[in-house]
Amino acid sequence: MKPALLGFSFLLASPAFAIYKCESDHGTVYSDTPCPNAKLVNINSAVPADADDARRQAAKEKKSLKQLEDARHKAERIDEKDRQRAARAQAASRKACAKLALRKKWADEDAASATGKSADKARRKARRAEEYFQTECA
């Protein structure tokens, strides 16, 4: 009975099952049954042999995590600056288009109220204002 108990405890101490990493369009899934194109994950190599190794591995992982977080924060700051720059450019574009629309409106009003020689000049000015507006804002 004791050899059977010893053998059973040995089986519990070192897992004999395999973990498979399955990647698909929906993401990554870990399973104990293989799937198409599954990769076997070695779970025993991640366990350190003693406490010193565990501390070294933890420190290494902590340093790696810090580097990843710093890189992510830097990327987020760059993205935020880009978003702010794009928002400022869009606001400037809207403001410029509003000014051009106002100039076009005034040129149209001037053309409608002009008479004689000034009417041709006012219509030409209104047409050019319209073309400029369409070029910049359409």
# chains A, B, ... in the order shown; residues from 1 in each chain; ligands from 1
$ select_by_dssp --residues "chain A" --states "strand (DSSP E)" --output "list in words"
Ile19, Tyr20, Lys21, Cys22, Glu23, Ser24, Gly27, Thr28, Val29, Tyr30, Ser31, Lys39, Leu40 and Val41 of chain A
$ select_by_dssp --residues "chain A" --states "helix (DSSP H, G or I)" --output "MDAnalysis selection string"
chainID A and resid 2:13 51:113 117:137
$ atom_distance --atom1 "CA of Gln57 (chain A)" --atom2 "CA of Asn42 (chain A)"
16.7 Å
$ residues_around --residues "Ala38 (chain A)" --least-positions-apart "6" --cutoff "12 Å" --atoms "only C-alpha atoms" --output "JSON, numbers by chain"
{"A": [18, 19, 20, 21, 22, 23, 24, 28, 29, 30, 31, 32]}
$ write_last_selection --atoms "all heavy atoms" --output "mmCIF file, in the first residue's frame"
data_model
loop_
_atom_site.group_PDB
_atom_site.id
_atom_site.type_symbol
_atom_site.label_atom_id
_atom_site.label_comp_id
_atom_site.auth_asym_id
_atom_site.auth_seq_id
_atom_site.Cartn_x
_atom_site.Cartn_y
_atom_site.Cartn_z
ATOM 1 N N ALA A 18 -0.352 17.822 -20.304
ATOM 2 C CA ALA A 18 0.238 18.837 -21.185
ATOM 3 C C ALA A 18 -0.728 20.008 -21.332
ATOM 4 O O ALA A 18 -1.948 19.843 -21.242
ATOM 5 C CB ALA A 18 0.528 18.235 -22.549
ATOM 6 N N ILE A 19 -0.166 21.181 -21.551
ATOM 7 C CA ILE A 19 -0.960 22.380 -21.802
ATOM 8 C C ILE A 19 -0.669 22.808 -23.244
ATOM 9 O O ILE A 19 0.492 22.916 -23.643
ATOM 10 C CB ILE A 19 -0.593 23.521 -20.833
ATOM 11 C CG1 ILE A 19 -0.821 23.097 -19.385
ATOM 12 C CG2 ILE A 19 -1.355 24.786 -21.167
ATOM 13 C CD1 ILE A 19 -2.262 22.902 -19.026
ATOM 14 N N TYR A 20 -1.718 23.051 -23.994
ATOM 15 C CA TYR A 20 -1.580 23.459 -25.385
ATOM 16 C C TYR A 20 -2.038 24.900 -25.556
ATOM 17 O O TYR A 20 -3.039 25.307 -24.995
ATOM 18 C CB TYR A 20 -2.404 22.546 -26.300
ATOM 19 C CG TYR A 20 -1.929 21.121 -26.277
ATOM 20 C CD1 TYR A 20 -2.518 20.199 -25.433
ATOM 21 C CD2 TYR A 20 -0.875 20.713 -27.084
ATOM 22 C CE1 TYR A 20 -2.074 18.886 -25.388
ATOM 23 C CE2 TYR A 20 -0.432 19.407 -27.056
ATOM 24 C CZ TYR A 20 -1.031 18.496 -26.211
ATOM 25 O OH TYR A 20 -0.590 17.214 -26.174
ATOM 26 N N LYS A 21 -1.289 25.641 -26.345
ATOM 27 C CA LYS A 21 -1.639 27.029 -26.670
ATOM 28 C C LYS A 21 -2.238 27.020 -28.067
ATOM 29 O O LYS A 21 -1.572 26.673 -29.041
ATOM 30 C CB LYS A 21 -0.390 27.905 -26.629
ATOM 31 C CG LYS A 21 -0.647 29.354 -26.933
ATOM 32 C CD LYS A 21 0.654 30.146 -26.838
ATOM 33 C CE LYS A 21 0.443 31.589 -27.157
ATOM 34 N NZ LYS A 21 1.709 32.351 -27.081
ATOM 35 N N CYS A 22 -3.502 27.418 -28.153
ATOM 36 C CA CYS A 22 -4.218 27.415 -29.425
ATOM 37 C C CYS A 22 -4.538 28.856 -29.805
ATOM 38 O O CYS A 22 -5.200 29.556 -29.043
ATOM 39 C CB CYS A 22 -5.513 26.614 -29.317
ATOM 40 S SG CYS A 22 -5.240 24.908 -28.777
ATOM 41 N N GLU A 23 -4.072 29.278 -30.952
ATOM 42 C CA GLU A 23 -4.325 30.643 -31.416
ATOM 43 C C GLU A 23 -5.291 30.593 -32.592
ATOM 44 O O GLU A 23 -5.152 29.767 -33.484
ATOM 45 C CB GLU A 23 -3.020 31.318 -31.825
ATOM 46 C CG GLU A 23 -2.083 31.514 -30.669
ATOM 47 C CD GLU A 23 -0.782 32.203 -31.056
ATOM 48 O OE1 GLU A 23 -0.654 32.582 -32.228
ATOM 49 O OE2 GLU A 23 0.065 32.344 -30.182
ATOM 50 N N SER A 24 -6.272 31.503 -32.554
ATOM 51 C CA SER A 24 -7.256 31.587 -33.636
ATOM 52 C C SER A 24 -7.596 33.042 -33.867
ATOM 53 O O SER A 24 -7.027 33.930 -33.232
ATOM 54 C CB SER A 24 -8.512 30.788 -33.275
ATOM 55 O OG SER A 24 -9.192 31.425 -32.213
ATOM 56 N N THR A 28 -6.285 33.838 -28.122
ATOM 57 C CA THR A 28 -5.459 32.724 -27.672
ATOM 58 C C THR A 28 -6.184 31.982 -26.559
ATOM 59 O O THR A 28 -6.718 32.590 -25.636
ATOM 60 C CB THR A 28 -4.103 33.242 -27.158
ATOM 61 O OG1 THR A 28 -3.474 33.969 -28.208
ATOM 62 C CG2 THR A 28 -3.213 32.110 -26.732
ATOM 63 N N VAL A 29 -6.182 30.644 -26.660
ATOM 64 C CA VAL A 29 -6.822 29.798 -25.668
ATOM 65 C C VAL A 29 -5.823 28.744 -25.228
ATOM 66 O O VAL A 29 -5.097 28.179 -26.050
ATOM 67 C CB VAL A 29 -8.085 29.115 -26.260
ATOM 68 C CG1 VAL A 29 -8.713 28.170 -25.259
ATOM 69 C CG2 VAL A 29 -9.072 30.136 -26.727
ATOM 70 N N TYR A 30 -5.776 28.469 -23.923
ATOM 71 C CA TYR A 30 -4.940 27.409 -23.385
ATOM 72 C C TYR A 30 -5.850 26.250 -22.999
ATOM 73 O O TYR A 30 -6.896 26.449 -22.379
ATOM 74 C CB TYR A 30 -4.160 27.909 -22.165
ATOM 75 C CG TYR A 30 -3.144 28.959 -22.520
ATOM 76 C CD1 TYR A 30 -3.459 30.302 -22.494
ATOM 77 C CD2 TYR A 30 -1.868 28.586 -22.908
ATOM 78 C CE1 TYR A 30 -2.522 31.258 -22.841
ATOM 79 C CE2 TYR A 30 -0.921 29.535 -23.257
ATOM 80 C CZ TYR A 30 -1.255 30.876 -23.213
ATOM 81 O OH TYR A 30 -0.331 31.812 -23.560
ATOM 82 N N SER A 31 -5.439 25.036 -23.376
ATOM 83 C CA SER A 31 -6.298 23.884 -23.157
ATOM 84 C C SER A 31 -5.449 22.663 -22.864
ATOM 85 O O SER A 31 -4.262 22.613 -23.192
ATOM 86 C CB SER A 31 -7.146 23.647 -24.410
ATOM 87 O OG SER A 31 -7.884 22.455 -24.279
ATOM 88 N N ASP A 32 -6.062 21.642 -22.253
ATOM 89 C CA ASP A 32 -5.346 20.396 -22.024
ATOM 90 C C ASP A 32 -5.559 19.416 -23.168
ATOM 91 O O ASP A 32 -4.978 18.343 -23.183
ATOM 92 C CB ASP A 32 -5.756 19.777 -20.693
ATOM 93 C CG ASP A 32 -7.238 19.470 -20.627
ATOM 94 O OD1 ASP A 32 -7.985 19.964 -21.491
ATOM 95 O OD2 ASP A 32 -7.648 18.749 -19.701
#
$ atom_distance --atom1 "CA of Ala126 (chain A)" --atom2 "CA of Ala112 (chain A)"
9.6 Å
$ atom_distance --atom1 "CA of Gln134 (chain A)" --atom2 "CA of Arg94 (chain A)"
13.4 Å
$ residues_around --residues "Ala122 (chain A)" --least-positions-apart "6" --cutoff "9 Å" --atoms "only C-alpha atoms" --output "number ranges by chain"
A: 107-108, 110-114
